[in-house]
Structures are given as structure tokens and as C-alpha cells.
Amino acid sequence: MIRIARYDDLDQILIIVKETIKDLQSQGNFQWSEEYPTKANFENDIKQANLYIYEINNDVTGFICINKQEDIAYKPLSWNKLGEAIVIHRFAIKRSYQRQKIATKLIEYAERFAENKGINYIKVDTNSKNTRMNALFKNLKFQFIGQIYLRDLKVPFNCYDKIIGGENEIR
């Protein structure tokens, strides 16, 4: 079940974050660390009602933050569509639940969320070394747009977008 995150989910969310940091860094990917994302990031996501979790038997198995906040680094890229977009941030699946299509279900939830808001466009970025996330976005028909640099990291982030719903108008 996917539902909006609550403050009492934070402990489980932070366990997933620690697992994810360890897994990413073992692959030479330092997009997440002790500096980002922090408990404060998730507290703010919950306060703003932007964080959603996938829950199985009271176990938080994954989470996704969805809102309209685009990083300023997105600005110079040639996106496929102008105007309002839903942006995916802070997205991870608990190690013991990976490869069970939970990530796909959370992305599909973000797409339905956007459509319910009357928005037919989604943007996302992930570290270029994050092979699993890059493959997920490609498999879900997101289009590679270009690369940006975030948070003083030396490795670029790949940016993707997707037009959803019936309208396929490209600028």
C-alpha cells in the first residue's frame, strides 16, 4: 500500500537511507552521504506532505518524495516540455524488498499523482553512477535529457523526463 508518510515512519525511513548510503558508496556512488539526505530533509518532506511510502505489513519498504520543486541546476537543460512538472526526489527501496517492483509501483504512483493534479509531465535526476536507477528510468520510458552537477559532487547527475497521459505535445 502506498500512503503519505508520517513522522512515526521516520525511524524506518532513516534505516533505508543508511542501507542505501552503504550500498551506493560500495559502488563508488556518493550521491547520498551523512550530509544528504538528512533527517531534517525527511521531516520537511513530511511537513509539506510530499513524502510517500510503500508499506507492507506495517513495514516501510520504500519511499518517494514528489513535489514541484526543481533544482536551479535544471534551468539550462533542454527539457521536452515547458511549464509545470512533478519532480521526483529522495527515492529508495529497502534492501530486503528490492527486485519486487516496488520502485516501479512508486514511479507509477508519481505518474497518477501528477495526472490527478492536472500535470502531465515528470522530471527526475540520479547520479550517473547509479546504474539501477538509470536503468529503471529508461525501462519506464523516461527520456534522457542531459547532465547537471549537484551539491559540489564531482560526478554528474543524469536528468530524465516523461510526458504522461494522453497529451504528447513536445515543445
# chains A, B, ... in the order shown; residues from 1 in each chain; ligands from 1

$ select_by_dssp --residues "range 15-133 of chain A" --states "alpha helix (DSSP H)" --output "ChimeraX atom specification"
/A:15-26,39-47,102-116,131-133

$ write_last_selection --atoms "N, CA and C atoms" --output "compact mmCIF listing (two decimals), in the first residue's frame"
# COMPACT_ATOMS: atom_id res chain seq x y z
N ILE A 15 16.52 4.10 8.42
CA ILE A 15 17.19 2.80 8.26
C ILE A 15 17.42 2.53 6.77
N ILE A 16 16.40 2.79 5.96
CA ILE A 16 16.54 2.61 4.50
C ILE A 16 17.61 3.54 3.95
N VAL A 17 17.65 4.77 4.45
CA VAL A 17 18.66 5.73 3.99
C VAL A 17 20.06 5.21 4.30
N LYS A 18 20.28 4.72 5.51
CA LYS A 18 21.61 4.20 5.88
C LYS A 18 22.00 3.01 5.01
N GLU A 19 21.06 2.12 4.77
CA GLU A 19 21.32 0.98 3.88
C GLU A 19 21.69 1.46 2.48
N THR A 20 20.93 2.42 2.00
CA THR A 20 21.13 2.93 0.64
C THR A 20 22.49 3.61 0.52
N ILE A 21 22.86 4.41 1.52
CA ILE A 21 24.17 5.06 1.51
C ILE A 21 25.27 4.00 1.42
N LYS A 22 25.16 2.97 2.24
CA LYS A 22 26.17 1.91 2.24
C LYS A 22 26.24 1.22 0.88
N ASP A 23 25.07 0.88 0.31
CA ASP A 23 25.03 0.20 -0.98
C ASP A 23 25.59 1.07 -2.10
N LEU A 24 25.17 2.34 -2.14
CA LEU A 24 25.64 3.25 -3.19
C LEU A 24 27.15 3.45 -3.10
N GLN A 25 27.63 3.72 -1.88
CA GLN A 25 29.05 4.00 -1.72
C GLN A 25 29.92 2.79 -2.02
N SER A 26 29.38 1.59 -1.80
CA SER A 26 30.15 0.38 -2.15
C SER A 26 30.33 0.25 -3.66
N LYS A 39 17.81 13.67 8.21
CA LYS A 39 16.52 13.54 8.90
C LYS A 39 15.69 14.80 8.69
N ALA A 40 16.35 15.96 8.71
CA ALA A 40 15.65 17.24 8.51
C ALA A 40 15.00 17.30 7.12
N ASN A 41 15.67 16.75 6.09
CA ASN A 41 15.07 16.72 4.76
C ASN A 41 13.74 15.96 4.79
N PHE A 42 13.75 14.81 5.46
CA PHE A 42 12.54 13.99 5.52
C PHE A 42 11.47 14.60 6.42
N GLU A 43 11.89 15.23 7.50
CA GLU A 43 10.92 15.92 8.35
C GLU A 43 10.21 17.02 7.56
N ASN A 44 10.97 17.74 6.75
CA ASN A 44 10.37 18.79 5.92
C ASN A 44 9.46 18.19 4.85
N ASP A 45 9.89 17.07 4.24
CA ASP A 45 9.04 16.39 3.26
C ASP A 45 7.71 15.99 3.88
N ILE A 46 7.75 15.47 5.10
CA ILE A 46 6.53 15.06 5.79
C ILE A 46 5.68 16.28 6.12
N LYS A 47 6.32 17.33 6.62
CA LYS A 47 5.60 18.56 6.95
C LYS A 47 4.89 19.13 5.73
N ILE A 102 8.63 -2.68 -6.38
CA ILE A 102 8.17 -1.58 -5.53
C ILE A 102 8.58 -0.24 -6.12
N ALA A 103 9.80 -0.16 -6.65
CA ALA A 103 10.25 1.09 -7.28
C ALA A 103 9.34 1.46 -8.45
N THR A 104 9.01 0.48 -9.27
CA THR A 104 8.10 0.72 -10.39
C THR A 104 6.75 1.21 -9.90
N LYS A 105 6.24 0.59 -8.85
CA LYS A 105 4.94 0.99 -8.32
C LYS A 105 4.98 2.41 -7.76
N LEU A 106 6.08 2.81 -7.15
CA LEU A 106 6.19 4.18 -6.63
C LEU A 106 6.27 5.19 -7.78
N ILE A 107 6.98 4.86 -8.85
CA ILE A 107 7.03 5.76 -10.01
C ILE A 107 5.64 5.85 -10.65
N GLU A 108 4.96 4.74 -10.79
CA GLU A 108 3.60 4.76 -11.34
C GLU A 108 2.68 5.58 -10.45
N TYR A 109 2.88 5.52 -9.15
CA TYR A 109 2.10 6.34 -8.22
C TYR A 109 2.38 7.83 -8.49
N ALA A 110 3.65 8.17 -8.70
CA ALA A 110 4.00 9.56 -9.00
C ALA A 110 3.33 10.02 -10.29
N GLU A 111 3.24 9.14 -11.26
CA GLU A 111 2.56 9.48 -12.52
C GLU A 111 1.07 9.72 -12.29
N ARG A 112 0.42 8.86 -11.53
CA ARG A 112 -1.01 9.06 -11.21
C ARG A 112 -1.21 10.33 -10.38
N PHE A 113 -0.31 10.57 -9.46
CA PHE A 113 -0.35 11.78 -8.63
C PHE A 113 -0.33 13.01 -9.53
N ALA A 114 0.61 13.02 -10.48
CA ALA A 114 0.72 14.15 -11.41
C ALA A 114 -0.57 14.31 -12.21
N GLU A 115 -1.07 13.23 -12.78
CA GLU A 115 -2.30 13.31 -13.57
C GLU A 115 -3.47 13.82 -12.74
N ASN A 116 -3.56 13.39 -11.48
CA ASN A 116 -4.63 13.86 -10.60
C ASN A 116 -4.52 15.34 -10.29
N THR A 131 23.57 2.92 -11.49
CA THR A 131 23.17 2.11 -12.63
C THR A 131 21.74 1.58 -12.51
N ARG A 132 21.33 1.20 -11.31
CA ARG A 132 19.98 0.65 -11.14
C ARG A 132 18.91 1.70 -11.39
N MET A 133 19.10 2.91 -10.85
CA MET A 133 18.10 3.96 -11.06
C MET A 133 18.08 4.41 -12.52

$ closest_atom_pairs --of "range 77-146 of chain A" --to "range 48-66 of chain A" --cutoff "6 Å" --atoms "only C-alpha atoms" --output "tab-separated table"
residue	atom	partner	partner_atom	distance
A:Val87	CA	A:Ile66	CA	5.7
A:Ile88	CA	A:Ile66	CA	4.8
A:His89	CA	A:Cys65	CA	5.0
A:Arg90	CA	A:Cys65	CA	5.5
A:Phe91	CA	A:Ile64	CA	4.3
A:Ala92	CA	A:Gly62	CA	5.5
A:Ile93	CA	A:Gly62	CA	4.0
A:Lys94	CA	A:Thr61	CA	5.1

$ atom_distance --atom1 "CA of Gln31 in chain A" --atom2 "CA of Leu153 in chain A"
7.4 Å

$ closest_residue --among "A:Lys129, A:Lys162, A:Lys123, A:Arg95" --to "Lys68 in chain A" --atoms "only C-alpha atoms"
A:Lys123

$ atom_distance --atom1 "CA of Phe30 in chain A" --atom2 "CA of Asn158 in chain A"
14.2 Å

$ select_by_dssp --residues "range 65-108 of chain A" --states "strand (DSSP E or B)" --output "PyMOL selection string"
chain A and resi 65-67+86-93

$ atom_distance --atom1 "CA of Met1 in chain A" --atom2 "CA of Ala85 in chain A"
24.6 Å

$ decode --residues "range 123-139 of chain A" --atoms "N, CA and C atoms" --output "CSV table (one decimal), in the first residue's frame"
chain,number,residue,atom,x,y,z
A,123,LYS,N,9.8,15.1,-14.0
A,123,LYS,CA,11.3,15.3,-14.2
A,123,LYS,C,11.9,14.6,-13.0
A,124,VAL,N,13.1,14.1,-13.2
A,124,VAL,CA,13.9,13.4,-12.2
A,124,VAL,C,15.4,13.4,-12.6
A,125,ASP,N,16.2,13.3,-11.5
A,125,ASP,CA,17.6,13.1,-11.8
A,125,ASP,C,18.2,12.0,-10.9
A,126,THR,N,19.3,11.5,-11.3
A,126,THR,CA,20.0,10.5,-10.5
A,126,THR,C,21.5,10.5,-10.9
A,127,ASN,N,22.3,10.2,-9.9
A,127,ASN,CA,23.7,10.2,-10.2
A,127,ASN,C,24.1,9.2,-11.4
A,128,SER,N,25.0,9.7,-12.2
A,128,SER,CA,25.3,8.9,-13.4
A,128,SER,C,25.9,7.5,-13.0
A,129,LYS,N,26.4,7.4,-11.8
A,129,LYS,CA,26.9,6.1,-11.4
A,129,LYS,C,25.9,5.2,-10.8
A,130,ASN,N,24.6,5.7,-10.7
A,130,ASN,CA,23.6,4.9,-10.1
A,130,ASN,C,22.9,4.0,-11.2
A,131,THR,N,23.6,2.9,-11.5
A,131,THR,CA,23.2,2.1,-12.6
A,131,THR,C,21.7,1.6,-12.5
A,132,ARG,N,21.3,1.2,-11.3
A,132,ARG,CA,20.0,0.6,-11.1
A,132,ARG,C,18.9,1.7,-11.4
A,133,MET,N,19.1,2.9,-10.9
A,133,MET,CA,18.1,4.0,-11.1
A,133,MET,C,18.1,4.4,-12.5
A,134,ASN,N,19.2,4.5,-13.1
A,134,ASN,CA,19.3,4.9,-14.5
A,134,ASN,C,18.6,3.9,-15.4
A,135,ALA,N,18.8,2.6,-15.1
A,135,ALA,CA,18.1,1.5,-15.8
A,135,ALA,C,16.6,1.6,-15.6
A,136,LEU,N,16.2,1.9,-14.3
A,136,LEU,CA,14.7,1.9,-14.0
A,136,LEU,C,14.1,3.0,-14.8
A,137,PHE,N,14.7,4.2,-14.9
A,137,PHE,CA,14.0,5.3,-15.6
A,137,PHE,C,13.9,5.0,-17.1
A,138,LYS,N,15.0,4.4,-17.6
A,138,LYS,CA,14.9,4.1,-19.1
A,138,LYS,C,13.9,3.0,-19.3
A,139,ASN,N,13.8,2.0,-18.4
A,139,ASN,CA,12.8,0.9,-18.6
A,139,ASN,C,11.4,1.5,-18.5
